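J.: Structure file start-v1.csv (CSV, C-alpha atoms) is given on the next line.
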```
chain,number,residue,atom,x,y,z
A,1,MET,CA,105.4,125.4,-20.9
A,2,SER,CA,107.4,122.2,-20.7
A,3,LEU,CA,107.2,119.9,-17.7
A,4,LEU,CA,110.8,120.9,-16.7
A,5,ASP,CA,109.8,124.6,-16.8
A,6,ASP,CA,106.8,123.9,-14.6
A,7,LEU,CA,108.9,122.0,-12.1
A,8,LYS,CA,111.5,124.8,-12.0
A,9,ASN,CA,108.8,127.3,-11.3
A,10,GLN,CA,107.4,125.2,-8.5
A,11,ALA,CA,110.8,124.8,-7.0
A,12,GLU,CA,111.3,128.6,-7.1
A,13,VAL,CA,108.0,129.1,-5.2
A,14,VAL,CA,109.1,126.7,-2.5
A,15,ARG,CA,112.5,128.4,-2.2
A,16,ASN,CA,110.9,131.8,-1.9
A,17,ARG,CA,108.5,130.4,0.8
A,18,GLN,CA,111.4,128.9,2.7
A,19,ARG,CA,113.4,132.1,2.4
A,20,SER,CA,110.6,134.2,3.7
A,21,GLY,CA,110.0,131.8,6.6
A,22,ALA,CA,113.7,131.9,7.5
A,23,GLU,CA,113.7,135.7,7.4
A,24,LEU,CA,110.7,135.7,9.7
A,25,VAL,CA,112.3,133.4,12.2
A,26,GLU,CA,115.4,135.7,12.1
A,27,HIS,CA,113.2,138.7,12.8
A,28,TYR,CA,111.6,136.8,15.8
A,29,PHE,CA,115.1,136.0,17.1
A,30,TYR,CA,116.0,139.6,17.3
A,31,GLU,CA,112.6,140.5,18.9
A,32,ILE,CA,113.1,137.8,21.5
A,33,HIS,CA,116.6,139.1,22.2
A,34,GLU,CA,115.3,142.6,22.9
A,35,ARG,CA,112.6,141.3,25.3
A,36,LEU,CA,115.1,139.0,27.1
A,37,LYS,CA,117.5,141.9,27.4
A,38,ALA,CA,114.8,143.9,29.2
A,39,VAL,CA,113.8,141.0,31.4
A,40,HIS,CA,117.5,140.4,32.3
A,41,LYS,CA,117.7,143.9,33.8
A,42,GLN,CA,114.5,143.3,35.7
A,43,LEU,CA,115.6,140.0,37.1
A,44,LEU,CA,119.1,141.3,37.9
A,45,ASP,CA,117.6,144.2,39.8
A,46,LEU,CA,115.3,141.7,41.6
A,47,ALA,CA,118.1,139.4,42.6
A,48,THR,CA,120.2,142.3,43.9
A,49,ALA,CA,117.2,143.6,46.0
A,50,LEU,CA,116.3,140.2,47.4
A,51,ASN,CA,119.9,139.5,48.4
A,52,THR,CA,119.9,142.9,50.2
A,53,VAL,CA,116.5,142.9,51.9
A,54,ARG,CA,116.3,139.1,52.4
A,55,PRO,CA,112.5,138.8,52.8
A,56,ASP,CA,111.1,135.8,54.7
A,57,VAL,CA,109.8,133.3,52.1
A,58,PRO,CA,108.9,130.0,53.8
A,59,ARG,CA,108.9,126.7,51.8
A,60,HIS,CA,108.0,123.1,52.5
A,61,TYR,CA,108.1,120.0,50.3
A,62,TYR,CA,106.5,116.6,50.4
A,63,VAL,CA,109.1,114.0,49.7
A,64,ASP,CA,107.6,110.6,50.4
A,65,GLY,CA,103.9,110.7,50.8
A,66,THR,CA,103.4,112.4,54.1
A,67,SER,CA,107.1,113.0,54.9
A,68,VAL,CA,107.8,116.7,54.8
A,69,LEU,CA,111.0,118.7,54.4
A,70,ASP,CA,109.9,121.8,56.2
A,71,GLY,CA,111.2,124.9,58.0
A,72,LEU,CA,112.9,126.1,54.8
A,73,ARG,CA,113.5,129.7,53.7
A,74,GLN,CA,114.5,131.0,50.3
A,75,GLN,CA,117.9,132.7,50.1
A,76,ASP,CA,120.9,133.5,47.8
A,77,TYR,CA,119.4,134.7,44.5
A,78,ALA,CA,121.5,134.6,41.4
A,79,LEU,CA,121.0,135.3,37.7
A,80,SER,CA,122.8,133.7,34.7
A,81,GLU,CA,122.3,134.0,31.0
A,82,LYS,CA,123.1,132.2,27.7
A,83,LYS,CA,123.9,134.2,24.6
A,84,ARG,CA,124.5,133.5,20.9
A,85,THR,CA,127.2,135.5,19.1
A,86,ILE,CA,126.4,136.6,15.6
A,87,GLU,CA,128.9,138.8,13.7
A,88,PHE,CA,130.6,139.8,16.9
A,89,HIS,CA,127.4,140.8,18.7
A,90,ASP,CA,125.9,138.8,21.6
A,91,TYR,CA,122.2,138.1,21.7
A,92,TYR,CA,120.2,136.7,24.7
A,93,THR,CA,118.7,133.3,24.2
A,94,GLU,CA,118.1,132.1,27.8
A,95,LEU,CA,118.0,133.5,31.4
A,96,GLN,CA,118.0,131.5,34.6
A,97,LEU,CA,117.1,132.9,38.1
A,98,ARG,CA,118.3,130.5,40.8
A,99,THR,CA,117.7,130.4,44.6
A,100,HIS,CA,117.7,127.8,47.4
A,101,ALA,CA,115.2,126.9,50.0
A,102,VAL,CA,117.4,126.2,53.0
A,103,GLY,CA,116.7,125.1,56.6
A,104,ASP,CA,118.5,123.5,59.6
A,105,ARG,CA,116.5,120.3,60.1
A,106,ARG,CA,117.4,117.2,58.1
A,107,LEU,CA,114.7,114.8,57.1
A,108,VAL,CA,115.3,111.1,57.8
A,109,ILE,CA,113.3,108.4,55.9
A,110,GLU,CA,113.7,104.6,56.2
A,111,LYS,CA,112.9,102.1,53.5
A,112,ASP,CA,112.8,98.3,54.2
A,113,SER,CA,113.4,96.8,50.8
A,114,GLU,CA,115.8,97.3,47.8
A,115,PRO,CA,113.1,98.4,45.3
A,116,LEU,CA,111.8,101.1,47.7
A,117,VAL,CA,115.4,102.3,48.4
A,118,THR,CA,116.1,102.5,44.7
A,119,ARG,CA,112.9,104.4,44.0
A,120,LEU,CA,113.5,107.0,46.6
A,121,ARG,CA,117.1,107.4,45.7
A,122,GLU,CA,116.2,108.0,42.0
A,123,PHE,CA,113.5,110.5,43.1
A,124,LEU,CA,116.0,112.5,45.2
A,125,TRP,CA,118.5,112.5,42.4
A,126,GLY,CA,115.9,113.5,39.9
A,127,HIS,CA,115.1,116.6,41.9
A,128,ALA,CA,118.7,117.5,42.7
A,129,LEU,CA,118.3,116.9,46.5
A,130,ARG,CA,121.4,116.1,48.5
A,131,PHE,CA,121.2,113.2,50.8
A,132,ASP,CA,123.2,110.5,52.6
A,133,LEU,CA,122.1,106.9,52.3
A,134,ARG,CA,123.1,104.2,54.9
A,135,GLU,CA,122.4,100.7,53.5
A,136,MET,CA,122.0,97.6,55.6
A,137,ARG,CA,122.6,94.5,53.4
A,138,ALA,CA,121.6,90.9,54.0
A,139,GLU,CA,124.1,88.0,53.7
A,140,ARG,CA,123.3,87.6,50.0
A,141,ARG,CA,124.3,91.3,49.6
A,142,TYR,CA,120.9,92.6,48.6
A,143,ILE,CA,119.7,95.7,50.4
A,144,GLU,CA,117.6,94.8,53.4
A,145,ARG,CA,117.0,98.4,54.7
A,146,GLY,CA,118.1,101.9,53.8
A,147,VAL,CA,118.1,105.0,55.9
A,148,PHE,CA,118.1,108.3,54.0
A,149,THR,CA,119.2,111.6,55.6
A,150,ILE,CA,118.0,114.4,53.3
A,151,GLU,CA,119.7,117.8,53.5
A,152,PRO,CA,117.4,120.8,54.1
A,153,ASP,CA,118.5,122.5,50.8
A,154,VAL,CA,116.2,122.5,47.8
A,155,PRO,CA,117.5,124.2,44.6
A,156,ILE,CA,114.9,126.4,42.8
A,157,SER,CA,115.2,127.8,39.3
A,158,LEU,CA,113.2,129.8,36.9
A,159,THR,CA,114.5,129.4,33.3
A,160,VAL,CA,113.3,131.7,30.5
A,161,THR,CA,114.1,130.5,27.0
A,162,GLY,CA,113.3,132.1,23.6
A,163,VAL,CA,111.8,130.0,20.8
A,164,PRO,CA,112.0,132.1,17.7
A,165,GLU,CA,110.4,129.4,15.4
A,166,GLN,CA,107.1,129.9,17.3
A,167,ARG,CA,107.7,133.5,18.4
A,168,GLU,CA,107.3,132.2,21.9
A,169,ILE,CA,109.0,132.4,25.3
A,170,ARG,CA,109.0,129.4,27.5
A,171,LEU,CA,109.4,129.4,31.3
A,172,VAL,CA,110.4,126.3,33.3
A,173,ILE,CA,109.9,126.6,37.0
A,174,ARG,CA,111.6,124.0,39.1
A,175,ASN,CA,111.1,123.1,42.7
A,176,LEU,CA,109.4,126.4,43.6
A,177,GLU,CA,106.1,125.4,45.3
A,178,LYS,CA,106.6,121.7,45.1
A,179,LEU,CA,109.2,119.3,43.8
A,180,GLY,CA,109.2,118.9,40.1
A,181,GLU,CA,109.0,121.1,37.0
A,182,VAL,CA,106.2,123.1,35.4
A,183,THR,CA,106.5,124.5,31.9
A,184,TYR,CA,104.7,127.6,30.7
A,185,ARG,CA,104.4,128.9,27.1
A,186,TYR,CA,103.9,132.5,26.1
A,187,ASP,CA,103.5,134.4,22.9
A,188,LEU,CA,106.2,137.0,22.8
A,189,ASP,CA,103.7,139.9,23.4
A,190,GLU,CA,102.3,138.1,26.5
A,191,PHE,CA,105.7,138.0,28.3
A,192,ASN,CA,105.3,141.6,29.4
A,193,ASP,CA,106.0,143.7,32.6
A,194,GLU,CA,102.6,142.7,34.1
A,195,LEU,CA,103.5,139.0,33.8
A,196,ILE,CA,107.0,139.6,35.4
A,197,GLU,CA,105.2,141.4,38.3
A,198,GLU,CA,103.0,138.3,38.8
A,199,LEU,CA,106.0,136.0,38.5
A,200,ILE,CA,107.8,138.0,41.2
A,201,LYS,CA,104.8,137.6,43.5
A,202,LEU,CA,104.8,133.9,42.8
A,203,LEU,CA,108.5,133.7,43.6
A,204,LEU,CA,107.9,135.4,46.9
A,205,GLY,CA,104.8,133.5,47.9
A,206,LYS,CA,102.5,136.4,47.5
A,207,PRO,CA,98.9,136.3,46.2
A,208,ASN,CA,99.0,136.4,42.4
A,209,ASP,CA,97.2,135.6,39.2
A,210,PHE,CA,100.3,134.2,37.4
A,211,ARG,CA,98.7,130.9,36.3
A,212,THR,CA,95.8,132.7,34.6
A,213,ARG,CA,98.0,134.7,32.2
A,214,GLY,CA,98.8,133.6,28.7
A,215,ARG,CA,96.6,131.7,26.3
A,216,HIS,CA,98.8,128.6,26.2
A,217,GLN,CA,98.7,127.5,29.9
A,218,GLN,CA,95.2,127.5,31.1
A,219,ARG,CA,96.4,124.0,32.1
A,220,PRO,CA,100.1,124.2,32.7
A,221,VAL,CA,102.0,121.0,31.9
A,222,ALA,CA,103.6,119.5,35.0
A,223,THR,CA,106.7,117.4,34.3
A,224,ALA,CA,107.9,116.0,37.6
A,225,ARG,CA,110.9,113.9,36.6
A,226,VAL,CA,110.3,111.1,39.1
A,227,ALA,CA,107.1,110.2,40.9
A,228,ALA,CA,107.3,110.7,44.6
A,229,PRO,CA,107.6,107.2,46.3
A,230,GLY,CA,104.4,106.3,48.0
A,231,ALA,CA,102.9,109.6,47.0
A,232,GLY,CA,99.1,110.0,47.2
A,233,VAL,CA,97.2,113.2,47.2
A,234,ALA,CA,99.5,115.7,49.0
A,235,PRO,CA,97.9,118.0,51.6
A,236,PRO,CA,97.0,121.4,50.3
A,237,GLU,CA,99.6,124.1,50.2
A,238,ALA,CA,99.4,126.7,52.9
A,239,ALA,CA,97.7,129.9,51.8
A,240,ALA,CA,100.1,132.6,50.7
A,241,PRO,CA,100.4,135.6,53.0
A,242,ALA,CA,98.6,138.8,52.0
A,243,GLY,CA,100.4,141.7,50.5
A,244,GLY,CA,101.0,143.7,47.3
A,245,LEU,CA,104.1,144.7,45.3
A,246,ARG,CA,104.9,147.5,47.7
A,247,SER,CA,105.3,144.9,50.5
A,248,LEU,CA,107.3,142.4,48.5
A,249,PHE,CA,110.7,143.5,49.8
A,250,ARG,CA,109.7,144.3,53.4
A,251,ARG,CA,111.6,142.1,55.8
A,252,GLY,CA,109.3,139.5,57.3
A,253,SER,CA,106.4,140.3,55.0
```
Using the file provided, produce a representation of the structure as structure tokens.
T.:
Amino acid sequence: MSLLDDLKNQAEVVRNRQRSGAELVEHYFYEIHERLKAVHKQLLDLATALNTVRPDVPRHYYVDGTSVLDGLRQQDYALSEKKRTIEFHDYYTELQLRTHAVGDRRLVIEKDSEPLVTRLREFLWGHALRFDLREMRAERRYIERGVFTIEPDVPISLTVTGVPEQREIRLVIRNLEKLGEVTYRYDLDEFNDELIEELIKLLLGKPNDFRTRGRHQQRPVATARVAAPGAGVAPPEAAAPAGGLRSLFRRGS
């Protein structure tokens, strides 16, 4: 066999391997679509039920060390999706469940230097919090003091995305129990009805074992976009109220 023939054979082996890999990813793509299709129905039913029953789900958030945005309640649940169209058929690629923690008491924080004002402003922007900033400037126009009035409205989202290259589903939870994002990874088979049940409990502040499920996130990766200004160790979260799935939709549970 000539050197050219040997190289041609090696090239054919590589092409076959690449072709089989692409076919496998395509298969995973359709598998993920079917799973997201089922999850879409579950989350749509959940959002509809929550908007009807309106269970009491209290939330509070540490914004600036010991400053707390509290007295908030979750409300207004909505589900959206992203799809990919292939040969006139739509396939689910991402789902996002959104809600808000809303209250009636604004939080006022004062900062007495331009760097501290800038840092808190970027922190609030990074976590999609609405606020008003009143700046007091010195004669040389630098900021001498800033007064932030933060609206009691925290956007919360749970984003489910398919990753066919790894046969995985990724879940990004934003601003649920604290400000910031946490990313979880699951093998496709792990993203099952039992996990969704635990996720619902987490969303409603019920006792759950959500964080222990799935082999990838024994240590979930926290990705808070901006460090809280002056943040130390935050006081522990309040214990979740007792109750099971049967009590999830009871008013005031």
J.: Please list as a list in words every residue within 6 Å of Lys83 (chain A), counting all atoms listed in the file and excluding residues in the same chain fewer than 5 positions away.
T.: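 What passes the distance filter is Asp90, Tyr91, Tyr92 and Thr93 of chain A.
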J.: Wanna dump the region 90-116 of chain A-region 198-214 of chain A contacts at 12 Å for me, each residue with its shortest atom pair and the distance in Å to one decimal, counting only C-alpha atoms, ordered by chain and number, as CSV?
T.:
```
residue,atom,partner,partner_atom,distance
A:Leu97,CA,A:Leu203,CA,10.2
A:Arg98,CA,A:Leu203,CA,10.7
A:Thr99,CA,A:Leu203,CA,9.8
A:His100,CA,A:Leu203,CA,11.6
A:Ala101,CA,A:Leu203,CA,11.5
```
J.: Take CA of Arg119 (chain A) and CA of Arg73 (chain A) and report the distance between them in Å, one decimal.
T.: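 Calculated distance between CA of Arg119 (chain A) and CA of Arg73 (chain A) is 27.1 Å.
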J.: Record the distance separating CA of Gln217 (chain A) and CA of Ser157 (chain A), expressed in Å with one decimal.
T.: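 That distance, rounded to one decimal, is 19.0 Å.
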J.: Which value, in Å to one decimal, gives the distance between CA of Ile143 (chain A) and CA of Lys178 (chain A)?
T.: 29.6 Å
J.: Closest to Pro164 (chain A) among A:Tyr184, A:Phe88, A:Tyr77, A:Tyr28, using all atoms listed in the file?
T.: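 Result for the nearest residue to Pro164 (chain A): A:Tyr28.
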J.: Nearest residue to Asp187 (chain A) out of A:Glu135, A:Trp125, A:Arg35, A:Leu24, using only C-alpha atoms?
T.: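 Checking each of A:Glu135, A:Trp125, A:Arg35, A:Leu24 against Asp187 (chain A), counting only C-alpha atoms, the winner is A:Arg35.
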J.: Near Asp104 (chain A), within 10 Å and counting all atoms listed in the file, which residues show up once chain neighbours fewer than 6 positions away are dropped, as a list in words?
T.: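 Once the nearby chain positions are removed, what remains is Asp70, Gly71, Leu72, Arg73, Glu151, Pro152 and Asp153 of chain A.
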J.: Between A:Arg130, A:Arg106, A:Arg54, A:His27, which residue has the minimum interatomic distance to Ser67 (chain A), considering all atoms listed in the file?
T.: A:Arg106
J.: Which residues are near Glu168 (chain A)? Cut-off 7 Å, only C-alpha atoms, ignore same chain within fewer than 5 positions. Put them as a list in words.
T.: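 Within the cut-off, the hits are Gly162, Val163, Arg185, Tyr186, Asp187 and Leu188 of chain A.
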J.: Which is closest to Lys111 (chain A) among A:Ser2, A:Asn192, A:Thr159, A:Thr149, if we use all atoms listed in the file?
T.: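 Selected residue with least distance to Lys111 (chain A): A:Thr149.
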J.: Could you name the residues that touch Val25 (chain A) at 9 Å or less, counting all atoms listed in the file, but leaving out those on the same chain fewer than 6 positions away, as JSON, numbers by chain?
T.: {"A": [164, 165, 166, 167]}
